[in-house]
>>> print(open('my_file-v5.pdb').read())   # PDB, C-alpha atoms
MODEL        1
ATOM      1  CA  MET A   1      -4.037 -26.684   4.207
ATOM      2  CA  ARG A   2      -0.789 -24.851   3.467
ATOM      3  CA  PHE A   3       1.493 -23.967   6.370
ATOM      4  CA  ALA A   4       4.671 -21.894   6.662
ATOM      5  CA  GLU A   5       6.764 -24.865   5.591
ATOM      6  CA  ASP A   6       4.929 -25.005   2.254
ATOM      7  CA  TYR A   7       6.591 -21.758   1.133
ATOM      8  CA  PRO A   8      10.289 -22.689   1.252
ATOM      9  CA  VAL A   9      12.928 -19.994   0.969
ATOM     10  CA  GLY A  10      14.037 -19.663  -2.641
ATOM     11  CA  SER A  11      10.783 -20.878  -4.146
ATOM     12  CA  SER A  12       8.968 -18.591  -6.556
ATOM     13  CA  PHE A  13       5.477 -18.514  -7.963
ATOM     14  CA  GLU A  14       3.592 -16.970 -10.882
ATOM     15  CA  LEU A  15       0.369 -15.358  -9.691
ATOM     16  CA  GLY A  16      -1.587 -14.822 -12.916
ATOM     17  CA  SER A  17      -2.503 -11.463 -14.420
ATOM     18  CA  HIS A  18      -4.968  -8.584 -14.256
ATOM     19  CA  ILE A  19      -5.910  -6.063 -16.935
ATOM     20  CA  VAL A  20      -6.185  -2.503 -15.653
ATOM     21  CA  THR A  21      -9.050  -0.358 -16.932
ATOM     22  CA  ALA A  22      -9.629   3.382 -16.821
ATOM     23  CA  GLU A  23     -12.793   2.676 -14.839
ATOM     24  CA  GLU A  24     -10.861   0.836 -12.111
ATOM     25  CA  ILE A  25      -8.187   3.563 -11.968
ATOM     26  CA  THR A  26     -10.665   6.401 -11.559
ATOM     27  CA  ARG A  27     -12.927   4.511  -9.143
ATOM     28  CA  PHE A  28     -10.037   3.682  -6.804
ATOM     29  CA  ALA A  29      -8.636   7.189  -7.058
ATOM     30  CA  THR A  30     -11.946   8.932  -6.419
ATOM     31  CA  GLN A  31     -12.132   7.212  -3.041
ATOM     32  CA  TYR A  32      -8.501   6.915  -1.988
ATOM     33  CA  ASP A  33      -6.125   9.013  -4.099
ATOM     34  CA  PRO A  34      -7.884  11.908  -5.860
ATOM     35  CA  GLN A  35      -4.851  13.438  -7.519
ATOM     36  CA  PRO A  36      -5.665  14.895 -10.967
ATOM     37  CA  TYR A  37      -3.600  12.404 -13.008
ATOM     38  CA  HIS A  38      -5.474   9.494 -11.384
ATOM     39  CA  LEU A  39      -8.946  10.954 -12.049
ATOM     40  CA  SER A  40      -9.253  11.465 -15.792
ATOM     41  CA  GLU A  41      -7.382  11.116 -19.064
ATOM     42  CA  ALA A  42      -7.792  14.839 -19.696
ATOM     43  CA  GLU A  43      -6.226  15.816 -16.362
ATOM     44  CA  GLY A  44      -3.488  13.223 -16.878
ATOM     45  CA  GLN A  45      -2.593  14.736 -20.241
ATOM     46  CA  GLN A  46      -2.003  18.090 -18.570
ATOM     47  CA  SER A  47       0.406  16.472 -16.077
ATOM     48  CA  ALA A  48       3.996  15.312 -16.246
ATOM     49  CA  PHE A  49       2.672  11.768 -16.874
ATOM     50  CA  GLY A  50       0.990  12.599 -20.203
ATOM     51  CA  GLY A  51      -2.182  10.643 -19.441
ATOM     52  CA  LEU A  52      -4.272   8.806 -16.874
ATOM     53  CA  ILE A  53      -2.159   6.638 -14.527
ATOM     54  CA  ALA A  54      -3.123   4.342 -11.655
ATOM     55  CA  SER A  55      -2.580   5.303  -8.037
ATOM     56  CA  GLY A  56       0.437   3.443  -6.698
ATOM     57  CA  TRP A  57      -1.813   2.113  -3.929
ATOM     58  CA  ASN A  58      -4.144   0.706  -6.574
ATOM     59  CA  THR A  59      -1.175  -1.021  -8.222
ATOM     60  CA  ALA A  60      -0.049  -2.475  -4.889
ATOM     61  CA  ALA A  61      -3.598  -3.687  -4.202
ATOM     62  CA  ILE A  62      -3.686  -5.396  -7.606
ATOM     63  CA  TRP A  63      -0.519  -7.312  -6.710
ATOM     64  CA  MET A  64      -2.117  -8.271  -3.399
ATOM     65  CA  SER A  65      -5.277  -9.505  -5.115
ATOM     66  CA  LEU A  66      -3.243 -11.777  -7.402
ATOM     67  CA  TYR A  67      -1.114 -12.990  -4.480
ATOM     68  CA  VAL A  68      -4.067 -13.754  -2.194
ATOM     69  CA  ARG A  69      -6.003 -15.611  -4.883
ATOM     70  CA  ALA A  70      -3.005 -17.657  -6.046
ATOM     71  CA  MET A  71      -1.231 -18.308  -2.764
ATOM     72  CA  LEU A  72      -3.300 -17.825   0.394
ATOM     73  CA  GLU A  73      -6.427 -19.907  -0.142
ATOM     74  CA  ASP A  74      -6.621 -22.628   2.521
ATOM     75  CA  SER A  75      -3.401 -21.363   4.076
ATOM     76  CA  SER A  76      -2.435 -20.752   7.686
ATOM     77  CA  VAL A  77      -1.673 -17.065   7.106
ATOM     78  CA  GLU A  78      -2.354 -14.797  10.099
ATOM     79  CA  GLY A  79      -1.860 -11.332   8.684
ATOM     80  CA  SER A  80       1.161  -9.169   8.077
ATOM     81  CA  PRO A  81       3.245  -6.833  10.210
ATOM     82  CA  GLY A  82       4.095  -4.733   7.168
ATOM     83  CA  VAL A  83       5.869  -4.001   3.910
ATOM     84  CA  ASP A  84       9.273  -2.589   3.009
ATOM     85  CA  GLU A  85      10.774  -1.155  -0.149
ATOM     86  CA  LEU A  86       7.499  -0.605  -1.978
ATOM     87  CA  ARG A  87       8.611   0.897  -5.296
ATOM     88  CA  TRP A  88       6.547   2.338  -8.118
ATOM     89  CA  LEU A  89       8.943   1.998 -11.006
ATOM     90  CA  THR A  90       6.942   3.115 -14.009
ATOM     91  CA  PRO A  91       3.392   4.456 -14.447
ATOM     92  CA  VAL A  92       0.533   1.975 -14.908
ATOM     93  CA  ARG A  93      -1.955   2.974 -17.615
ATOM     94  CA  PRO A  94      -5.378   1.784 -18.813
ATOM     95  CA  GLY A  95      -5.076  -1.413 -20.839
ATOM     96  CA  ASP A  96      -1.890  -2.595 -19.136
ATOM     97  CA  GLU A  97      -1.946  -6.310 -18.296
ATOM     98  CA  LEU A  98      -0.050  -6.790 -15.043
ATOM     99  CA  PHE A  99       1.506 -10.157 -14.206
ATOM    100  CA  GLY A 100       2.128 -10.992 -10.551
ATOM    101  CA  HIS A 101       5.230 -12.693  -9.225
ATOM    102  CA  VAL A 102       6.465 -13.649  -5.780
ATOM    103  CA  GLU A 103       9.619 -15.212  -4.382
ATOM    104  CA  VAL A 104      10.140 -16.407  -0.811
ATOM    105  CA  ALA A 105      13.214 -14.483   0.313
ATOM    106  CA  GLY A 106      13.451 -15.404   3.976
ATOM    107  CA  MET A 107      11.812 -16.956   7.022
ATOM    108  CA  VAL A 108      12.302 -16.165  10.720
ATOM    109  CA  PRO A 109      10.635 -17.490  13.882
ATOM    110  CA  SER A 110       8.135 -15.180  15.554
ATOM    111  CA  LEU A 111       9.602 -13.552  18.659
ATOM    112  CA  THR A 112       6.378 -14.076  20.592
ATOM    113  CA  ARG A 113       4.739 -17.285  19.328
ATOM    114  CA  ARG A 114       6.522 -20.605  18.924
ATOM    115  CA  ASP A 115       3.966 -21.858  16.427
ATOM    116  CA  VAL A 116       4.413 -18.935  14.000
ATOM    117  CA  LEU A 117       7.023 -18.156  11.348
ATOM    118  CA  THR A 118       7.327 -14.777   9.646
ATOM    119  CA  LEU A 119       7.989 -15.120   5.918
ATOM    120  CA  ARG A 120       9.654 -12.386   3.898
ATOM    121  CA  LYS A 121       8.398 -12.379   0.325
ATOM    122  CA  LYS A 122       9.604 -10.289  -2.575
ATOM    123  CA  GLY A 123       6.689  -9.457  -4.855
ATOM    124  CA  TRP A 124       6.573  -7.650  -8.172
ATOM    125  CA  LEU A 125       4.369  -6.861 -11.159
ATOM    126  CA  THR A 126       5.480  -6.930 -14.777
ATOM    127  CA  ARG A 127       3.716  -5.599 -17.850
ATOM    128  CA  GLY A 128       3.164  -7.623 -21.008
ATOM    129  CA  ASP A 129       6.371  -6.176 -22.481
ATOM    130  CA  GLY A 130       8.342  -7.556 -19.533
ATOM    131  CA  GLU A 131       8.987  -4.242 -17.779
ATOM    132  CA  THR A 132       8.680  -4.340 -13.991
ATOM    133  CA  VAL A 133       6.213  -1.677 -12.848
ATOM    134  CA  MET A 134       6.194  -2.274  -9.064
ATOM    135  CA  SER A 135       8.075  -4.230  -6.419
ATOM    136  CA  LEU A 136       7.812  -4.716  -2.664
ATOM    137  CA  VAL A 137       8.906  -6.857   0.257
ATOM    138  CA  LEU A 138       5.949  -8.283   2.212
ATOM    139  CA  HIS A 139       6.336  -9.769   5.667
ATOM    140  CA  SER A 140       3.630 -12.247   6.650
ATOM    141  CA  ARG A 141       2.920 -14.602   9.504
ATOM    142  CA  PHE A 142       1.990 -18.241   8.989
ATOM    143  CA  THR A 143       1.489 -20.907  11.606
ATOM    144  CA  ARG A 144       3.765 -23.931  11.340
ATOM    145  CA  ARG A 145       2.526 -27.356  10.367
ATOM    146  CA  PRO A 146       1.194 -28.800  13.673
ATOM    147  CA  SER A 147       3.329 -31.949  13.463
ATOM    148  CA  ALA A 148       6.445 -29.764  13.335
ATOM    149  CA  ASN A 149       5.834 -28.144  16.746
TER     150      ASN A 149
ATOM    151  CA  MET B   1      -0.003  26.755  -5.531
ATOM    152  CA  ARG B   2       2.135  24.855  -3.039
ATOM    153  CA  PHE B   3       5.672  23.869  -4.022
ATOM    154  CA  ALA B   4       8.316  21.686  -2.374
ATOM    155  CA  GLU B   5       9.467  24.617  -0.245
ATOM    156  CA  ASP B   6       6.009  24.847   1.343
ATOM    157  CA  TYR B   7       6.575  21.554   3.217
ATOM    158  CA  PRO B   8       9.652  22.399   5.326
ATOM    159  CA  VAL B   9      11.522  19.626   7.101
ATOM    160  CA  GLY B  10      10.255  19.291  10.661
ATOM    161  CA  SER B  11       6.786  20.611   9.940
ATOM    162  CA  SER B  12       3.818  18.397  10.774
ATOM    163  CA  PHE B  13       0.175  18.426   9.813
ATOM    164  CA  GLU B  14      -3.122  16.970  11.029
ATOM    165  CA  LEU B  15      -5.056  15.430   8.144
ATOM    166  CA  GLY B  16      -8.545  14.971   9.587
ATOM    167  CA  SER B  17     -10.284  11.655  10.213
ATOM    168  CA  HIS B  18     -12.240   8.844   8.576
ATOM    169  CA  ILE B  19     -14.663   6.366  10.150
ATOM    170  CA  VAL B  20     -14.207   2.805   8.918
ATOM    171  CA  THR B  21     -17.338   0.755   8.217
ATOM    172  CA  ALA B  22     -17.857  -2.979   7.755
ATOM    173  CA  GLU B  23     -19.185  -2.195   4.294
ATOM    174  CA  GLU B  24     -15.951  -0.440   3.266
ATOM    175  CA  ILE B  25     -13.797  -3.234   4.709
ATOM    176  CA  THR B  26     -15.626  -6.010   2.873
ATOM    177  CA  ARG B  27     -15.963  -4.074  -0.388
ATOM    178  CA  PHE B  28     -12.218  -3.342  -0.536
ATOM    179  CA  ALA B  29     -11.342  -6.906   0.466
ATOM    180  CA  THR B  30     -13.668  -8.536  -2.036
ATOM    181  CA  GLN B  31     -11.763  -6.847  -4.837
ATOM    182  CA  TYR B  32      -8.203  -6.665  -3.527
ATOM    183  CA  ASP B  33      -7.607  -8.822  -0.436
ATOM    184  CA  PRO B  34     -10.151 -11.651  -0.103
ATOM    185  CA  GLN B  35      -8.747 -13.256   3.028
ATOM    186  CA  PRO B  36     -11.501 -14.640   5.303
ATOM    187  CA  TYR B  37     -10.989 -12.184   8.204
ATOM    188  CA  HIS B  38     -11.431  -9.243   5.788
ATOM    189  CA  LEU B  39     -14.650 -10.607   4.251
ATOM    190  CA  SER B  40     -17.160 -11.067   7.079
ATOM    191  CA  GLU B  41     -17.594 -10.713  10.821
ATOM    192  CA  ALA B  42     -18.398 -14.435  11.061
ATOM    193  CA  GLU B  43     -15.196 -15.486   9.312
ATOM    194  CA  GLY B  44     -13.224 -12.978  11.360
ATOM    195  CA  GLN B  45     -14.554 -14.465  14.594
ATOM    196  CA  GLN B  46     -13.172 -17.858  13.576
ATOM    197  CA  SER B  47      -9.712 -16.342  13.010
ATOM    198  CA  ALA B  48      -6.886 -15.276  15.299
ATOM    199  CA  PHE B  49      -8.214 -11.697  15.046
ATOM    200  CA  GLY B  50     -11.572 -12.444  16.702
ATOM    201  CA  GLY B  51     -13.624 -10.428  14.227
ATOM    202  CA  LEU B  52     -13.713  -8.540  10.945
ATOM    203  CA  ILE B  53     -10.569  -6.460  10.332
ATOM    204  CA  ALA B  54      -9.561  -4.168   7.480
ATOM    205  CA  SER B  55      -6.994  -5.166   4.886
ATOM    206  CA  GLY B  56      -3.729  -3.395   5.610
ATOM    207  CA  TRP B  57      -3.844  -2.031   2.058
ATOM    208  CA  ASN B  58      -7.258  -0.541   2.814
ATOM    209  CA  THR B  59      -5.799   1.127   5.915
ATOM    210  CA  ALA B  60      -2.874   2.512   3.924
ATOM    211  CA  ALA B  61      -5.282   3.809   1.267
ATOM    212  CA  ILE B  62      -7.334   5.558   3.975
ATOM    213  CA  TRP B  63      -4.200   7.378   5.154
ATOM    214  CA  MET B  64      -3.496   8.348   1.541
ATOM    215  CA  SER B  65      -7.025   9.674   1.051
ATOM    216  CA  LEU B  66      -6.681  11.916   4.123
ATOM    217  CA  TYR B  67      -3.206  13.035   3.049
ATOM    218  CA  VAL B  68      -4.190  13.863  -0.536
ATOM    219  CA  ARG B  69      -7.289  15.814   0.486
ATOM    220  CA  ALA B  70      -5.514  17.773   3.244
ATOM    221  CA  MET B  71      -2.118  18.347   1.651
ATOM    222  CA  LEU B  72      -1.921  17.919  -2.116
ATOM    223  CA  GLU B  73      -4.665  20.102  -3.530
ATOM    224  CA  ASP B  74      -3.160  22.811  -5.766
ATOM    225  CA  SER B  75       0.312  21.431  -5.105
ATOM    226  CA  SER B  76       3.213  20.761  -7.448
ATOM    227  CA  VAL B  77       3.374  17.037  -6.548
ATOM    228  CA  GLU B  78       4.532  14.763  -9.379
ATOM    229  CA  GLY B  79       3.992  11.296  -7.979
ATOM    230  CA  SER B  80       5.990   9.058  -5.708
ATOM    231  CA  PRO B  81       8.879   6.645  -6.201
ATOM    232  CA  GLY B  82       7.682   4.538  -3.284
ATOM    233  CA  VAL B  83       7.157   3.790   0.392
ATOM    234  CA  ASP B  84       9.314   2.305   3.126
ATOM    235  CA  GLU B  85       8.602   0.853   6.549
ATOM    236  CA  LEU B  86       4.867   0.417   6.066
ATOM    237  CA  ARG B  87       3.749  -1.077   9.383
ATOM    238  CA  TRP B  88       0.364  -2.447  10.409
ATOM    239  CA  LEU B  89       0.574  -2.155  14.162
ATOM    240  CA  THR B  90      -2.856  -3.193  15.369
ATOM    241  CA  PRO B  91      -5.999  -4.418  13.596
ATOM    242  CA  VAL B  92      -8.502  -1.855  12.284
ATOM    243  CA  ARG B  93     -12.133  -2.766  12.956
ATOM    244  CA  PRO B  94     -15.567  -1.466  11.900
ATOM    245  CA  GLY B  95     -16.442   1.731  13.756
ATOM    246  CA  ASP B  96     -12.830   2.810  14.285
ATOM    247  CA  GLU B  97     -12.284   6.512  13.622
ATOM    248  CA  LEU B  98      -8.805   6.925  12.131
ATOM    249  CA  PHE B  99      -6.970  10.250  12.420
ATOM    250  CA  GLY B 100      -4.275  11.027   9.855
ATOM    251  CA  HIS B 101      -0.939  12.642  10.648
ATOM    252  CA  VAL B 102       2.135  13.520   8.621
ATOM    253  CA  GLU B 103       5.537  14.989   9.391
ATOM    254  CA  VAL B 104       8.113  16.136   6.847
ATOM    255  CA  ALA B 105      11.206  14.118   7.732
ATOM    256  CA  GLY B 106      13.610  15.004   4.941
ATOM    257  CA  MET B 107      14.147  16.563   1.541
ATOM    258  CA  VAL B 108      16.712  15.723  -1.132
ATOM    259  CA  PRO B 109      17.307  17.079  -4.655
ATOM    260  CA  SER B 110      16.239  14.827  -7.523
ATOM    261  CA  LEU B 111      19.212  13.146  -9.169
ATOM    262  CA  THR B 112      17.770  13.716 -12.620
ATOM    263  CA  ARG B 113      15.799  16.981 -12.561
ATOM    264  CA  ARG B 114      17.087  20.250 -11.161
ATOM    265  CA  ASP B 115      13.577  21.602 -10.639
ATOM    266  CA  VAL B 116      12.412  18.682  -8.457
ATOM    267  CA  LEU B 117      12.910  17.844  -4.774
ATOM    268  CA  THR B 118      12.034  14.469  -3.254
ATOM    269  CA  LEU B 119      10.355  14.843   0.147
ATOM    270  CA  ARG B 120      10.424  12.087   2.723
ATOM    271  CA  LYS B 121       7.287  12.146   4.853
ATOM    272  CA  LYS B 122       6.474  10.051   7.884
ATOM    273  CA  GLY B 123       2.755   9.311   7.978
ATOM    274  CA  TRP B 124       0.627   7.556  10.562
ATOM    275  CA  LEU B 125      -2.951   6.841  11.646
ATOM    276  CA  THR B 126      -4.209   6.912  15.214
ATOM    277  CA  ARG B 127      -7.501   5.652  16.626
ATOM    278  CA  GLY B 128      -9.756   7.747  18.839
ATOM    279  CA  ASP B 129      -8.099   6.205  21.922
ATOM    280  CA  GLY B 130      -4.722   7.505  20.736
ATOM    281  CA  GLU B 131      -3.261   4.155  19.687
ATOM    282  CA  THR B 132      -1.243   4.225  16.465
ATOM    283  CA  VAL B 133      -2.617   1.619  14.047
ATOM    284  CA  MET B 134      -0.359   2.190  11.015
ATOM    285  CA  SER B 135       2.776   4.063  10.013
ATOM    286  CA  LEU B 136       4.815   4.521   6.842
ATOM    287  CA  VAL B 137       7.494   6.606   5.162
ATOM    288  CA  LEU B 138       6.332   8.093   1.847
ATOM    289  CA  HIS B 139       8.732   9.539  -0.702
ATOM    290  CA  SER B 140       7.219  12.069  -3.058
ATOM    291  CA  ARG B 141       8.411  14.421  -5.757
ATOM    292  CA  PHE B 142       7.469  18.091  -5.872
ATOM    293  CA  THR B 143       8.691  20.759  -8.259
ATOM    294  CA  ARG B 144      10.438  23.701  -6.660
ATOM    295  CA  ARG B 145       8.968  27.168  -6.594
ATOM    296  CA  PRO B 146       9.891  28.604 -10.029
ATOM    297  CA  SER B 147      11.542  31.700  -8.580
ATOM    298  CA  ALA B 148      13.949  29.438  -6.673
ATOM    299  CA  ASN B 149      15.402  27.841  -9.827
TER     300      ASN B 149
ENDMDL
END
>>> encode(input="my_file-v5.pdb", output="structure tokens")
Amino acid sequence: MRFAEDYPVGSSFELGSHIVTAEEITRFATQYDPQPYHLSEAEGQQSAFGGLIASGWNTAAIWMSLYVRAMLEDSSVEGSPGVDELRWLTPVRPGDELFGHVEVAGMVPSLTRRDVLTLRKKGWLTRGDGETVMSLVLHSRFTRRPSAN
Amino acid sequence: MRFAEDYPVGSSFELGSHIVTAEEITRFATQYDPQPYHLSEAEGQQSAFGGLIASGWNTAAIWMSLYVRAMLEDSSVEGSPGVDELRWLTPVRPGDELFGHVEVAGMVPSLTRRDVLTLRKKGWLTRGDGETVMSLVLHSRFTRRPSAN
């Protein structure tokens, strides 16, 4: 079991990668973000983006999927109060392989529960060519290792 | 066609509502956020949340879906540089009806394109009982009405 103390400030982790497909982009967008340039290559080509691009929310969710699978299994995480500075830096297109990264940037005690620490994590996605396509700051609550209470 | 000038600072809009189902929560989570309390009622009951709750990214995407359908059709929107202050204020559970809201909080000229304004919009979701479950600040680019150039 991994507790708050197992994610020390300054540590960083590679989260693996995910290849984005046109099918994923259009499926996500049809339900959650039906703007023309997320729905088809043809509509994307008529837009300022010159082709089909992923919804920024889809890109953020891809980072989350890599983070959860690499970092949260058998952990003491108890949800998140939120995210800051979510930035979509360059469009994500079909065929892009996105690599997830995370760095523990800070840790503060919960104001309401002595057994909980809130971790501040900087997360980002890079493409195969090294360009960063998205970044964010995720706050998340973890209980402390019981022996440390 | 709606241009940047059609979303004046201080104006606010009701975006309609969406009823969250257990099926949507688990389907989204299976792909993007497979933490136990997002995957089944049984696992949720064993967690600090006392039942199945939606991924925060699912909740944000629901707000986006209401916003896009109510506000962006036939608009000059050209994507978003990002989001700030995304806050998950209370868990979202199956059966919750979420009502979308948005208020135009600010507008600044693009630094790089004379024909584009960046709008800052405060968005939030309330439940049927009036409680706010999520809020965010979305930045988005719109081209100006051509006659205004």
>>> calpha_fit_and_write(input="my_file-v5.pdb", fixed="chain A", moving="chain B", output="short mmCIF file (atom, residue, chain, number, x, y, z; two decimals) with C-alpha atoms, keeping the file's coordinate frame")
data_model
loop_
_atom_site.label_atom_id
_atom_site.label_comp_id
_atom_site.auth_asym_id
_atom_site.auth_seq_id
_atom_site.Cartn_x
_atom_site.Cartn_y
_atom_site.Cartn_z
CA MET B 1 -4.03 -26.70 4.19
CA ARG B 2 -0.78 -24.88 3.48
CA PHE B 3 1.50 -23.98 6.39
CA ALA B 4 4.67 -21.89 6.66
CA GLU B 5 6.78 -24.87 5.60
CA ASP B 6 4.94 -25.02 2.27
CA TYR B 7 6.60 -21.76 1.13
CA PRO B 8 10.30 -22.71 1.26
CA VAL B 9 12.94 -20.00 0.97
CA GLY B 10 14.05 -19.66 -2.64
CA SER B 11 10.80 -20.88 -4.14
CA SER B 12 8.97 -18.59 -6.55
CA PHE B 13 5.47 -18.51 -7.95
CA GLU B 14 3.59 -16.98 -10.88
CA LEU B 15 0.36 -15.36 -9.70
CA GLY B 16 -1.57 -14.82 -12.93
CA SER B 17 -2.50 -11.46 -14.44
CA HIS B 18 -4.97 -8.58 -14.26
CA ILE B 19 -5.91 -6.05 -16.94
CA VAL B 20 -6.18 -2.49 -15.65
CA THR B 21 -9.06 -0.35 -16.93
CA ALA B 22 -9.65 3.40 -16.83
CA GLU B 23 -12.79 2.68 -14.85
CA GLU B 24 -10.86 0.85 -12.11
CA ILE B 25 -8.19 3.57 -11.97
CA THR B 26 -10.68 6.41 -11.55
CA ARG B 27 -12.94 4.51 -9.15
CA PHE B 28 -10.04 3.68 -6.81
CA ALA B 29 -8.64 7.21 -7.06
CA THR B 30 -11.96 8.93 -6.42
CA GLN B 31 -12.14 7.21 -3.05
CA TYR B 32 -8.51 6.92 -1.99
CA ASP B 33 -6.13 9.03 -4.09
CA PRO B 34 -7.90 11.92 -5.85
CA GLN B 35 -4.86 13.46 -7.52
CA PRO B 36 -5.68 14.90 -10.97
CA TYR B 37 -3.61 12.41 -13.02
CA HIS B 38 -5.48 9.50 -11.37
CA LEU B 39 -8.95 10.97 -12.04
CA SER B 40 -9.27 11.47 -15.80
CA GLU B 41 -7.40 11.10 -19.07
CA ALA B 42 -7.80 14.84 -19.70
CA GLU B 43 -6.24 15.81 -16.38
CA GLY B 44 -3.50 13.23 -16.88
CA GLN B 45 -2.61 14.73 -20.25
CA GLN B 46 -2.01 18.09 -18.58
CA SER B 47 0.39 16.49 -16.08
CA ALA B 48 3.99 15.32 -16.25
CA PHE B 49 2.68 11.78 -16.87
CA GLY B 50 0.99 12.61 -20.19
CA GLY B 51 -2.19 10.67 -19.44
CA LEU B 52 -4.27 8.82 -16.88
CA ILE B 53 -2.16 6.65 -14.53
CA ALA B 54 -3.11 4.36 -11.66
CA SER B 55 -2.57 5.31 -8.04
CA GLY B 56 0.43 3.44 -6.69
CA TRP B 57 -1.81 2.12 -3.92
CA ASN B 58 -4.14 0.71 -6.58
CA THR B 59 -1.17 -1.02 -8.21
CA ALA B 60 -0.04 -2.47 -4.89
CA ALA B 61 -3.60 -3.68 -4.20
CA ILE B 62 -3.68 -5.39 -7.61
CA TRP B 63 -0.51 -7.31 -6.71
CA MET B 64 -2.12 -8.26 -3.40
CA SER B 65 -5.29 -9.49 -5.12
CA LEU B 66 -3.24 -11.77 -7.40
CA TYR B 67 -1.12 -12.97 -4.48
CA VAL B 68 -4.07 -13.74 -2.19
CA ARG B 69 -6.00 -15.61 -4.88
CA ALA B 70 -2.99 -17.64 -6.05
CA MET B 71 -1.23 -18.30 -2.76
CA LEU B 72 -3.30 -17.84 0.39
CA GLU B 73 -6.40 -19.94 -0.13
CA ASP B 74 -6.60 -22.67 2.54
CA SER B 75 -3.38 -21.39 4.09
CA SER B 76 -2.43 -20.78 7.70
CA VAL B 77 -1.66 -17.07 7.11
CA GLU B 78 -2.35 -14.80 10.10
CA GLY B 79 -1.86 -11.33 8.68
CA SER B 80 1.16 -9.17 8.07
CA PRO B 81 3.25 -6.84 10.21
CA GLY B 82 4.09 -4.72 7.17
CA VAL B 83 5.87 -3.99 3.91
CA ASP B 84 9.27 -2.59 3.01
CA GLU B 85 10.78 -1.15 -0.15
CA LEU B 86 7.50 -0.61 -1.98
CA ARG B 87 8.62 0.89 -5.30
CA TRP B 88 6.55 2.34 -8.12
CA LEU B 89 8.95 2.01 -11.02
CA THR B 90 6.94 3.13 -14.02
CA PRO B 91 3.39 4.46 -14.45
CA VAL B 92 0.53 1.98 -14.91
CA ARG B 93 -1.96 2.98 -17.61
CA PRO B 94 -5.38 1.79 -18.81
CA GLY B 95 -5.07 -1.40 -20.86
CA ASP B 96 -1.88 -2.58 -19.14
CA GLU B 97 -1.94 -6.29 -18.32
CA LEU B 98 -0.04 -6.79 -15.05
CA PHE B 99 1.51 -10.17 -14.22
CA GLY B 100 2.13 -10.99 -10.57
CA HIS B 101 5.23 -12.71 -9.23
CA VAL B 102 6.47 -13.65 -5.78
CA GLU B 103 9.62 -15.22 -4.39
CA VAL B 104 10.14 -16.42 -0.82
CA ALA B 105 13.21 -14.49 0.33
CA GLY B 106 13.45 -15.42 3.99
CA MET B 107 11.82 -16.96 7.03
CA VAL B 108 12.31 -16.17 10.71
CA PRO B 109 10.65 -17.51 13.88
CA SER B 110 8.15 -15.21 15.57
CA LEU B 111 9.61 -13.59 18.68
CA THR B 112 6.38 -14.09 20.59
CA ARG B 113 4.74 -17.30 19.34
CA ARG B 114 6.52 -20.62 18.95
CA ASP B 115 3.97 -21.88 16.43
CA VAL B 116 4.42 -18.94 14.01
CA LEU B 117 7.03 -18.15 11.36
CA THR B 118 7.33 -14.77 9.64
CA LEU B 119 7.99 -15.13 5.91
CA ARG B 120 9.66 -12.40 3.91
CA LYS B 121 8.40 -12.39 0.33
CA LYS B 122 9.61 -10.30 -2.57
CA GLY B 123 6.70 -9.46 -4.86
CA TRP B 124 6.58 -7.67 -8.18
CA LEU B 125 4.37 -6.86 -11.18
CA THR B 126 5.48 -6.93 -14.79
CA ARG B 127 3.71 -5.59 -17.88
CA GLY B 128 3.16 -7.64 -21.02
CA ASP B 129 6.37 -6.18 -22.49
CA GLY B 130 8.34 -7.56 -19.54
CA GLU B 131 8.98 -4.24 -17.80
CA THR B 132 8.68 -4.34 -14.01
CA VAL B 133 6.21 -1.67 -12.86
CA MET B 134 6.20 -2.28 -9.08
CA SER B 135 8.07 -4.23 -6.43
CA LEU B 136 7.81 -4.72 -2.67
CA VAL B 137 8.91 -6.86 0.25
CA LEU B 138 5.96 -8.28 2.21
CA HIS B 139 6.33 -9.77 5.67
CA SER B 140 3.64 -12.24 6.64
CA ARG B 141 2.93 -14.60 9.50
CA PHE B 142 2.00 -18.24 9.00
CA THR B 143 1.49 -20.92 11.62
CA ARG B 144 3.76 -23.92 11.34
CA ARG B 145 2.53 -27.35 10.38
CA PRO B 146 1.18 -28.78 13.68
CA SER B 147 3.29 -31.93 13.47
CA ALA B 148 6.42 -29.75 13.39
CA ASN B 149 5.75 -28.17 16.81
#
>>> resolve_selection(input="my_file-v5.pdb", expression="the PyMOL selection byres ((chain B and resi 67-76) around 6)", output="list in words")
Met1, Arg2, Phe3, Leu15, Met64, Ser65, Leu66, Val77, Phe142 and Thr143 of chain B
>>> closest_residue(input="my_file-v5.pdb", among="A:Arg113, A:Met134, A:Asp6, A:Asp129", to="Asn58 in chain A", atoms="only C-alpha atoms")
A:Met134
>>> residues_around(input="my_file-v5.pdb", residues="range 122-126 of chain A", least_positions_apart="5", cutoff="6 Å", atoms="only C-alpha atoms", output="PDB file with C-alpha atoms, in the coordinates of the input")
ATOM      1  CA  LEU A  98      -0.050  -6.790 -15.043  1.00  0.00           C
ATOM      2  CA  PHE A  99       1.506 -10.157 -14.206  1.00  0.00           C
ATOM      3  CA  GLY A 100       2.128 -10.992 -10.551  1.00  0.00           C
ATOM      4  CA  HIS A 101       5.230 -12.693  -9.225  1.00  0.00           C
ATOM      5  CA  VAL A 102       6.465 -13.649  -5.780  1.00  0.00           C
ATOM      6  CA  GLU A 103       9.619 -15.212  -4.382  1.00  0.00           C
ATOM      7  CA  GLU A 131       8.987  -4.242 -17.779  1.00  0.00           C
ATOM      8  CA  THR A 132       8.680  -4.340 -13.991  1.00  0.00           C
ATOM      9  CA  VAL A 133       6.213  -1.677 -12.848  1.00  0.00           C
ATOM     10  CA  MET A 134       6.194  -2.274  -9.064  1.00  0.00           C
ATOM     11  CA  SER A 135       8.075  -4.230  -6.419  1.00  0.00           C
ATOM     12  CA  LEU A 136       7.812  -4.716  -2.664  1.00  0.00           C
ATOM     13  CA  VAL A 137       8.906  -6.857   0.257  1.00  0.00           C
TER      14      VAL A 137
END
